[in-house]
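Content type mmCIF, C-alpha atoms; chains and numbers go by the auth columns, from the file coords.cif:
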```cif
data_work
loop_
_atom_site.group_PDB
_atom_site.id
_atom_site.type_symbol
_atom_site.label_atom_id
_atom_site.label_comp_id
_atom_site.label_asym_id
_atom_site.label_seq_id
_atom_site.Cartn_x
_atom_site.Cartn_y
_atom_site.Cartn_z
_atom_site.B_iso_or_equiv
_atom_site.auth_seq_id
_atom_site.auth_asym_id
ATOM 1 C CA MET A 1 77.703 94.343 87.700 0.00 24 Y
ATOM 2 C CA GLU A 2 81.362 93.544 87.104 0.00 25 Y
ATOM 3 C CA PRO A 3 82.438 94.083 83.510 0.00 26 Y
ATOM 4 C CA ASP A 4 83.819 90.977 81.779 0.00 27 Y
ATOM 5 C CA TYR A 5 87.490 90.987 80.965 0.00 28 Y
ATOM 6 C CA ASN A 6 88.237 88.667 78.103 0.00 29 Y
ATOM 7 C CA THR A 7 91.930 89.346 78.028 0.00 30 Y
ATOM 8 C CA LEU A 8 94.587 90.253 80.551 0.00 31 Y
ATOM 9 C CA GLN A 9 95.292 93.371 78.546 0.00 32 Y
ATOM 10 C CA LYS A 10 91.705 94.593 78.972 0.00 33 Y
ATOM 11 C CA PHE A 11 91.875 93.945 82.696 0.00 34 Y
ATOM 12 C CA MET A 12 95.215 95.724 83.044 0.00 35 Y
ATOM 13 C CA THR A 13 94.089 98.679 80.930 0.00 36 Y
ATOM 14 C CA HIS A 14 91.046 99.090 83.160 0.00 37 Y
ATOM 15 C CA THR A 15 92.770 98.691 86.537 0.00 38 Y
ATOM 16 C CA LYS A 16 95.918 100.620 85.602 0.00 39 Y
ATOM 17 C CA GLY A 17 93.768 103.377 84.137 0.00 40 Y
ATOM 18 C CA ILE A 18 91.950 103.821 87.450 0.00 41 Y
ATOM 19 C CA ALA A 19 95.234 103.580 89.383 0.00 42 Y
ATOM 20 C CA TYR A 20 96.780 106.344 87.264 0.00 43 Y
ATOM 21 C CA LEU A 21 93.713 108.534 87.803 0.00 44 Y
ATOM 22 C CA LEU A 22 94.037 107.948 91.571 0.00 45 Y
ATOM 23 C CA ILE A 23 97.725 108.876 91.401 0.00 46 Y
ATOM 24 C CA ALA A 24 96.729 112.143 89.714 0.00 47 Y
ATOM 25 C CA VAL A 25 94.202 112.741 92.519 0.00 48 Y
ATOM 26 C CA ALA A 26 96.937 112.020 95.092 0.00 49 Y
ATOM 27 C CA LEU A 27 99.314 114.471 93.409 0.00 50 Y
ATOM 28 C CA VAL A 28 96.718 117.208 93.862 0.00 51 Y
ATOM 29 C CA ALA A 29 95.241 116.111 97.216 0.00 52 Y
ATOM 30 C CA LEU A 30 98.463 115.483 99.149 0.00 53 Y
ATOM 31 C CA PRO A 31 100.001 118.954 98.556 0.00 54 Y
ATOM 32 C CA LEU A 32 96.639 120.502 99.502 0.00 55 Y
ATOM 33 C CA PHE A 33 96.618 118.420 102.695 0.00 56 Y
ATOM 34 C CA TRP A 34 100.211 119.508 103.365 0.00 57 Y
ATOM 35 C CA ARG A 35 99.115 123.155 103.012 0.00 58 Y
ATOM 36 C CA PHE A 36 96.312 122.509 105.502 0.00 59 Y
ATOM 37 C CA LEU A 37 98.750 120.769 107.844 0.00 60 Y
ATOM 38 C CA THR A 38 101.365 123.529 107.791 0.00 61 Y
ATOM 39 C CA GLY A 39 98.967 126.442 107.256 0.00 62 Y
ATOM 40 C CA ARG A 40 99.573 127.953 110.673 0.00 63 Y
ATOM 41 C CA ASP A 41 103.314 127.289 110.949 0.00 64 Y
ATOM 42 C CA ASN A 42 105.508 130.312 111.509 0.00 65 Y
ATOM 43 C CA LYS A 43 106.928 131.481 108.217 0.00 66 Y
ATOM 44 C CA LYS A 44 110.685 130.938 108.017 0.00 67 Y
ATOM 45 C CA GLN A 45 112.732 134.054 107.273 0.00 68 Y
ATOM 46 C CA THR A 46 114.800 133.275 104.183 0.00 69 Y
ATOM 47 C CA PHE A 47 116.682 136.566 104.021 0.00 70 Y
ATOM 48 C CA MET B 1 103.308 87.793 100.890 0.00 16 Q
ATOM 49 C CA ILE B 2 102.739 84.030 100.746 0.00 17 Q
ATOM 50 C CA VAL B 3 99.032 84.135 101.634 0.00 18 Q
ATOM 51 C CA PRO B 4 97.236 85.652 98.623 0.00 19 Q
ATOM 52 C CA SER B 5 94.571 82.952 98.659 0.00 20 Q
ATOM 53 C CA LYS B 6 94.080 82.922 102.434 0.00 21 Q
ATOM 54 C CA LEU B 7 93.869 86.621 103.223 0.00 22 Q
ATOM 55 C CA HIS B 8 90.781 88.603 102.217 0.00 23 Q
ATOM 56 C CA PRO B 9 91.464 90.526 98.947 0.00 24 Q
ATOM 57 C CA LEU B 10 90.788 93.883 100.614 0.00 25 Q
ATOM 58 C CA TRP B 11 93.692 93.321 103.001 0.00 26 Q
ATOM 59 C CA TYR B 12 95.902 91.332 100.663 0.00 27 Q
ATOM 60 C CA SER B 13 97.819 93.203 98.021 0.00 28 Q
ATOM 61 C CA GLY B 14 101.122 92.837 96.256 0.00 29 Q
ATOM 62 C CA TYR B 15 101.968 96.025 98.161 0.00 30 Q
ATOM 63 C CA LEU B 16 101.459 94.354 101.553 0.00 31 Q
ATOM 64 C CA PRO B 17 105.158 94.774 102.560 0.00 32 Q
ATOM 65 C CA VAL B 18 104.919 98.471 101.638 0.00 33 Q
ATOM 66 C CA TYR B 19 101.756 98.843 103.758 0.00 34 Q
ATOM 67 C CA PHE B 20 103.522 97.212 106.695 0.00 35 Q
ATOM 68 C CA PHE B 21 106.605 99.385 106.249 0.00 36 Q
ATOM 69 C CA ILE B 22 104.679 102.687 106.044 0.00 37 Q
ATOM 70 C CA SER B 23 102.276 101.798 108.858 0.00 38 Q
ATOM 71 C CA SER B 24 105.172 100.747 111.098 0.00 39 Q
ATOM 72 C CA ILE B 25 106.709 104.225 110.669 0.00 40 Q
ATOM 73 C CA ILE B 26 103.350 105.747 111.655 0.00 41 Q
ATOM 74 C CA ALA B 27 103.109 103.315 114.597 0.00 42 Q
ATOM 75 C CA GLY B 28 106.602 104.258 115.783 0.00 43 Q
ATOM 76 C CA MET B 29 105.869 107.976 115.804 0.00 44 Q
ATOM 77 C CA ALA B 30 102.442 107.567 117.391 0.00 45 Q
ATOM 78 C CA MET B 31 103.948 105.293 120.032 0.00 46 Q
ATOM 79 C CA VAL B 32 106.625 107.860 120.961 0.00 47 Q
ATOM 80 C CA ILE B 33 103.905 110.506 121.480 0.00 48 Q
ATOM 81 C CA PHE B 34 101.698 108.036 123.364 0.00 49 Q
ATOM 82 C CA GLU B 35 104.619 106.895 125.536 0.00 50 Q
ATOM 83 C CA HIS B 36 105.229 110.478 126.626 0.00 51 Q
ATOM 84 C CA MET B 37 101.547 110.836 127.461 0.00 52 Q
ATOM 85 C CA ILE B 38 101.809 107.798 129.766 0.00 53 Q
ATOM 86 C CA VAL B 39 105.098 109.011 131.278 0.00 54 Q
ATOM 87 C CA GLU B 40 103.578 112.445 131.886 0.00 55 Q
ATOM 88 C CA ARG B 41 100.719 110.775 133.746 0.00 56 Q
ATOM 89 C CA PHE B 42 102.678 108.279 135.892 0.00 57 Q
ATOM 90 C CA LEU B 43 106.254 109.592 136.108 0.00 58 Q
ATOM 91 C CA HIS B 44 105.606 113.338 136.021 0.00 59 Q
ATOM 92 C CA ASP B 45 107.884 113.944 139.036 0.00 60 Q
ATOM 93 C CA LYS B 46 110.864 112.625 137.018 0.00 61 Q
ATOM 94 C CA ILE B 47 110.379 114.985 134.072 0.00 62 Q
ATOM 95 C CA ASP B 48 112.263 118.276 134.085 0.00 63 Q
ATOM 96 C CA GLU B 49 111.193 121.410 132.240 0.00 64 Q
ATOM 97 C CA GLU B 50 113.638 120.993 129.366 0.00 65 Q
ATOM 98 C CA HIS B 51 112.423 117.455 128.657 0.00 66 Q
ATOM 99 C CA GLN B 52 108.828 118.644 128.797 0.00 67 Q
ATOM 100 C CA ILE B 53 109.442 121.390 126.197 0.00 68 Q
ATOM 101 C CA GLU B 54 111.407 119.007 123.956 0.00 69 Q
ATOM 102 C CA SER B 55 108.673 116.363 124.209 0.00 70 Q
ATOM 103 C CA ASN B 56 106.026 118.871 123.175 0.00 71 Q
ATOM 104 C CA ASN B 57 108.137 119.817 120.151 0.00 72 Q
ATOM 105 C CA VAL B 58 108.564 116.114 119.335 0.00 73 Q
ATOM 106 C CA ALA B 59 104.779 115.637 119.591 0.00 74 Q
ATOM 107 C CA LEU B 60 104.209 118.534 117.179 0.00 75 Q
ATOM 108 C CA GLY B 61 106.835 117.297 114.713 0.00 76 Q
ATOM 109 C CA PHE B 62 105.868 113.622 114.848 0.00 77 Q
ATOM 110 C CA GLY B 63 102.159 114.510 114.772 0.00 78 Q
ATOM 111 C CA LYS B 64 102.730 116.437 111.574 0.00 79 Q
ATOM 112 C CA ALA B 65 104.796 113.653 109.991 0.00 80 Q
ATOM 113 C CA ALA B 66 102.345 110.930 111.070 0.00 81 Q
ATOM 114 C CA SER B 67 99.402 112.915 109.724 0.00 82 Q
ATOM 115 C CA PHE B 68 100.964 113.318 106.286 0.00 83 Q
ATOM 116 C CA LEU B 69 102.174 109.717 106.183 0.00 84 Q
ATOM 117 C CA MET B 70 98.681 108.499 107.057 0.00 85 Q
ATOM 118 C CA ALA B 71 97.250 110.518 104.174 0.00 86 Q
ATOM 119 C CA GLY B 72 99.831 108.890 101.892 0.00 87 Q
ATOM 120 C CA TYR B 73 99.076 105.458 103.370 0.00 88 Q
ATOM 121 C CA LEU B 74 95.397 105.983 102.579 0.00 89 Q
ATOM 122 C CA MET B 75 96.254 106.817 98.968 0.00 90 Q
ATOM 123 C CA ILE B 76 98.438 103.719 98.453 0.00 91 Q
ATOM 124 C CA GLN B 77 95.687 101.563 99.998 0.00 92 Q
ATOM 125 C CA LEU B 78 93.251 103.020 97.450 0.00 93 Q
ATOM 126 C CA ILE B 79 95.720 102.422 94.627 0.00 94 Q
ATOM 127 C CA GLY B 80 96.169 98.827 95.862 0.00 95 Q
ATOM 128 C CA ILE B 81 92.417 98.268 95.608 0.00 96 Q
ATOM 129 C CA ALA B 82 92.347 99.774 92.125 0.00 97 Q
ATOM 130 C CA ILE B 83 95.274 97.642 90.884 0.00 98 Q
ATOM 131 C CA ASP B 84 93.620 94.407 92.066 0.00 99 Q
ATOM 132 C CA ASN B 85 90.123 95.615 91.080 0.00 100 Q
ATOM 133 C CA ASP B 86 88.732 94.850 94.535 0.00 101 Q
ATOM 134 C CA TRP B 87 86.006 97.532 94.475 0.00 102 Q
ATOM 135 C CA LYS B 88 83.240 94.908 94.453 0.00 103 Q
ATOM 136 C CA TYR B 89 84.186 93.760 97.973 0.00 104 Q
ATOM 137 C CA LEU B 90 83.633 97.221 99.456 0.00 105 Q
ATOM 138 C CA GLY B 91 79.857 96.701 99.395 0.00 106 Q
ATOM 139 C CA THR B 92 80.042 93.563 101.568 0.00 107 Q
ATOM 140 C CA TRP B 93 80.324 93.237 105.371 0.00 108 Q
ATOM 141 C CA TRP B 94 84.058 92.692 104.919 0.00 109 Q
ATOM 142 C CA GLY B 95 84.123 95.937 102.966 0.00 110 Q
ATOM 143 C CA LEU B 96 82.376 97.759 105.801 0.00 111 Q
ATOM 144 C CA TRP B 97 84.926 96.422 108.291 0.00 112 Q
ATOM 145 C CA TYR B 98 87.758 97.464 105.951 0.00 113 Q
ATOM 146 C CA LEU B 99 86.242 100.924 105.503 0.00 114 Q
ATOM 147 C CA LEU B 100 85.863 101.262 109.270 0.00 115 Q
ATOM 148 C CA GLU B 101 89.580 100.555 109.604 0.00 116 Q
ATOM 149 C CA MET B 102 90.553 102.951 106.809 0.00 117 Q
ATOM 150 C CA VAL B 103 88.215 105.815 107.700 0.00 118 Q
ATOM 151 C CA GLY B 104 87.956 105.358 111.470 0.00 119 Q
ATOM 152 C CA PHE B 105 91.573 104.505 112.181 0.00 120 Q
ATOM 153 C CA VAL B 106 93.552 106.127 109.352 0.00 121 Q
ATOM 154 C CA ALA B 107 91.666 109.051 107.778 0.00 122 Q
ATOM 155 C CA LEU B 108 90.133 110.463 110.972 0.00 123 Q
ATOM 156 C CA PRO B 109 93.325 110.249 113.088 0.00 124 Q
ATOM 157 C CA ALA B 110 95.237 111.867 110.185 0.00 125 Q
ATOM 158 C CA PHE B 111 92.734 114.738 110.239 0.00 126 Q
ATOM 159 C CA PHE B 112 92.840 115.101 114.026 0.00 127 Q
ATOM 160 C CA PHE B 113 96.659 115.025 114.015 0.00 128 Q
ATOM 161 C CA ALA B 114 96.523 117.832 111.442 0.00 129 Q
ATOM 162 C CA VAL B 115 94.063 119.851 113.549 0.00 130 Q
ATOM 163 C CA GLY B 116 96.216 119.233 116.651 0.00 131 Q
ATOM 164 C CA VAL B 117 99.347 120.451 114.830 0.00 132 Q
ATOM 165 C CA ARG B 118 97.550 123.508 113.425 0.00 133 Q
ATOM 166 C CA GLU B 119 96.124 124.467 116.813 0.00 134 Q
ATOM 167 C CA ARG B 120 99.319 123.404 118.647 0.00 135 Q
ATOM 168 C CA ASN B 121 97.030 121.314 120.839 0.00 136 Q
ATOM 169 C CA ILE B 122 99.347 118.763 122.488 0.00 137 Q
ATOM 170 C CA LYS B 123 96.519 116.961 124.316 0.00 138 Q
ATOM 171 C CA LEU B 124 94.647 116.370 121.053 0.00 139 Q
ATOM 172 C CA ILE B 125 97.830 115.051 119.401 0.00 140 Q
ATOM 173 C CA GLN B 126 98.461 112.732 122.362 0.00 141 Q
ATOM 174 C CA TRP B 127 94.951 111.276 122.362 0.00 142 Q
ATOM 175 C CA THR B 128 95.102 110.897 118.579 0.00 143 Q
ATOM 176 C CA SER B 129 98.379 109.001 118.966 0.00 144 Q
ATOM 177 C CA PHE B 130 96.589 106.525 121.257 0.00 145 Q
ATOM 178 C CA TRP B 131 93.839 106.229 118.642 0.00 146 Q
ATOM 179 C CA THR B 132 96.473 105.598 115.935 0.00 147 Q
ATOM 180 C CA VAL B 133 98.310 102.946 117.962 0.00 148 Q
ATOM 181 C CA PHE B 134 94.966 101.205 118.532 0.00 149 Q
ATOM 182 C CA GLY B 135 94.313 101.404 114.768 0.00 150 Q
ATOM 183 C CA ILE B 136 97.667 99.794 113.935 0.00 151 Q
ATOM 184 C CA VAL B 137 96.951 96.970 116.410 0.00 152 Q
ATOM 185 C CA LEU B 138 93.518 96.535 114.792 0.00 153 Q
ATOM 186 C CA ASN B 139 95.162 96.392 111.352 0.00 154 Q
ATOM 187 C CA ARG B 140 97.605 93.692 112.492 0.00 155 Q
ATOM 188 C CA PHE B 141 94.764 91.685 114.066 0.00 156 Q
ATOM 189 C CA ASN B 142 92.691 92.042 110.891 0.00 157 Q
ATOM 190 C CA ILE B 143 95.540 90.719 108.753 0.00 158 Q
ATOM 191 C CA SER B 144 96.607 87.898 111.065 0.00 159 Q
ATOM 192 C CA LEU B 145 93.238 86.827 112.527 0.00 160 Q
ATOM 193 C CA VAL B 146 90.022 88.437 111.266 0.00 161 Q
ATOM 194 C CA ALA B 147 90.556 88.478 107.499 0.00 162 Q
ATOM 195 C CA PHE B 148 92.920 85.502 107.521 0.00 163 Q
ATOM 196 C CA ASN B 149 91.360 82.284 106.184 0.00 164 Q
ATOM 197 C CA TRP B 150 88.198 84.306 105.761 0.00 165 Q
ATOM 198 C CA GLN B 151 86.536 81.603 103.658 0.00 166 Q
ATOM 199 C CA LEU B 152 86.786 78.953 106.381 0.00 167 Q
ATOM 200 C CA PRO B 153 84.050 78.483 109.004 0.00 168 Q
ATOM 201 C CA LEU B 154 84.864 80.063 112.362 0.00 169 Q
ATOM 202 C CA ASN B 155 85.628 76.807 114.168 0.00 170 Q
ATOM 203 C CA GLN B 156 88.386 75.944 111.684 0.00 171 Q
ATOM 204 C CA ARG B 157 90.144 79.263 111.980 0.00 172 Q
ATOM 205 C CA TYR B 158 93.128 80.161 114.114 0.00 173 Q
ATOM 206 C CA PHE B 159 92.618 81.886 117.412 0.00 174 Q
ATOM 207 C CA PRO B 160 95.483 82.211 119.918 0.00 175 Q
ATOM 208 C CA SER B 161 95.308 79.881 122.909 0.00 176 Q
ATOM 209 C CA TRP B 162 95.223 81.310 126.423 0.00 177 Q
ATOM 210 C CA MET B 163 98.898 80.450 126.796 0.00 178 Q
ATOM 211 C CA GLU B 164 99.802 82.535 123.738 0.00 179 Q
ATOM 212 C CA ILE B 165 97.717 85.432 125.044 0.00 180 Q
ATOM 213 C CA MET B 166 99.361 85.167 128.476 0.00 181 Q
ATOM 214 C CA THR B 167 102.841 85.058 126.863 0.00 182 Q
ATOM 215 C CA THR B 168 102.038 88.286 124.997 0.00 183 Q
ATOM 216 C CA ILE B 169 100.776 89.970 128.174 0.00 184 Q
ATOM 217 C CA PHE B 170 103.916 88.738 129.974 0.00 185 Q
ATOM 218 C CA ILE B 171 106.262 90.202 127.332 0.00 186 Q
ATOM 219 C CA ILE B 172 104.451 93.568 127.354 0.00 187 Q
ATOM 220 C CA THR B 173 104.476 93.642 131.164 0.00 188 Q
ATOM 221 C CA ILE B 174 108.219 92.867 131.244 0.00 189 Q
ATOM 222 C CA GLY B 175 108.809 95.734 128.793 0.00 190 Q
ATOM 223 C CA VAL B 176 106.834 98.199 130.911 0.00 191 Q
ATOM 224 C CA VAL B 177 108.484 97.064 134.158 0.00 192 Q
ATOM 225 C CA ILE B 178 112.010 97.337 132.695 0.00 193 Q
ATOM 226 C CA PHE B 179 111.249 100.776 131.238 0.00 194 Q
ATOM 227 C CA LYS B 180 109.884 101.979 134.586 0.00 195 Q
ATOM 228 C CA PHE B 181 112.859 100.477 136.447 0.00 196 Q
ATOM 229 C CA ILE B 182 115.289 102.392 134.202 0.00 197 Q
ATOM 230 C CA ALA B 183 113.278 105.642 134.058 0.00 198 Q
ATOM 231 C CA MET B 184 112.988 105.736 137.857 0.00 199 Q
ATOM 232 C CA ARG B 185 116.724 105.243 138.476 0.00 200 Q
ATOM 233 C CA MET B 186 118.571 106.812 135.568 0.00 201 Q
ATOM 234 C CA PRO B 187 118.520 110.348 134.137 0.00 202 Q
ATOM 235 C CA ILE B 188 116.259 109.512 131.188 0.00 203 Q
ATOM 236 C CA LEU B 189 113.513 112.076 131.675 0.00 204 Q
ATOM 237 C CA HIS B 190 115.677 114.727 133.341 0.00 205 Q
ATOM 238 C CA VAL B 191 119.240 116.008 133.400 0.00 206 Q
ATOM 239 C CA HIS B 192 121.486 114.386 135.997 0.00 207 Q
ATOM 240 C CA PRO B 193 122.281 117.099 138.597 0.00 208 Q
ATOM 241 C CA ASP B 194 125.993 116.163 138.634 0.00 209 Q
ATOM 242 C CA TYR B 195 126.386 116.406 134.839 0.00 210 Q
ATOM 243 C CA PRO B 196 124.215 119.311 133.692 0.00 211 Q
ATOM 244 C CA ASP B 197 126.150 120.116 130.495 0.00 212 Q
ATOM 245 C CA ASP B 198 127.096 116.624 129.387 0.00 213 Q
ATOM 246 C CA HIS B 199 124.615 116.175 126.560 0.00 214 Q
#
```
In structure tokens, write the structure found in this file.
Amino acid sequence: MEPDYNTLQKFMTHTKGIAYLLIAVALVALPLFWRFLTGRDNKKQTF
Amino acid sequence: MIVPSKLHPLWYSGYLPVYFFISSIIAGMAMVIFEHMIVERFLHDKIDEEHQIESNNVALGFGKAASFLMAGYLMIQLIGIAIDNDWKYLGTWWGLWYLLEMVGFVALPAFFFAVGVRERNIKLIQWTSFWTVFGIVLNRFNISLVAFNWQLPLNQRYFPSWMEIMTTIFIITIGVVIFKFIAMRMPILHVHPDYPDDH
């Protein structure tokens, strides 16, 4: 059941709240995916 | 951007131009890898060793970039759904079709690109690039045909006429023929024997 949103502010608080949580998930998930993607690359010598 | 009421909410978002921009970058890279796969199959006698090695490096680099971009694309699609609060549509048949596009033609190819890059498996990257190109075409068809005017009955919706379909086939054929004409006659896939150090 969809919750009722009586005001725009309630709607925005709800949707933006979920969007910000998803952004936090992306900030963790994407670097992990990058580590998986480049996990077997040859290490660059930096010295 | 001007069709918020006509396009299904799962495909429509205020971020639609961003989706198109990101997915066109993915399409470009996948197409370059796919094009080499086709060239390798039909014009292999024109390819010299140097081009072959460079193309494999391009496939590895573009495969890696496309994989990561597709992961990012998936995240911004999710954020788009959250911003518009479209979660309720995911449980419908439209939602299933949308999920098939997102999981079957974005998430899975991203994973297989990543596996291909990790294993340095050029064949896997090439087949995944074909899969990705097909996914982008599916996405464009979904936006312009399938999910467009989704509330109208089928007989009132747009479907290209046979002349439009033939025009599209004609343009693609012309492109392929011109590319083959040039690749057969000019040093595109190999170094010209008279000018070995000129590039």
Next item on the list: Can you check which residues of chain Q have any atom within 12 Å of chain Y? Use only C-alpha atoms and format it as a PyMOL selection string.
Entry: chain Q and resi 75-76+78-104+122+125-135
Notebook entry, point to check: So which one's closest to Gln166 of chain Q, Q:Arg200, Q:Asp209, Q:Trp146, Q:Lys21? Using all atoms listed in the file, please.
Noted result: Q:Lys21
Item checked: Gap from atom CA of Val18 of chain Q to atom CA of Asp27 of chain Y - Å, one decimal -> 25.9 Å
Check: Residues picked by the PyMOL selection byres ((chain Q and resi 49) around 9) here, as a list in words?
Finding: Met44, Ala45, Met46, Val47, Ile48, Glu50, His51, Met52, Ile53, Val54, Ile140, Gln141, Trp142, Thr143, Ser144, Phe145 and Val148 of chain Q
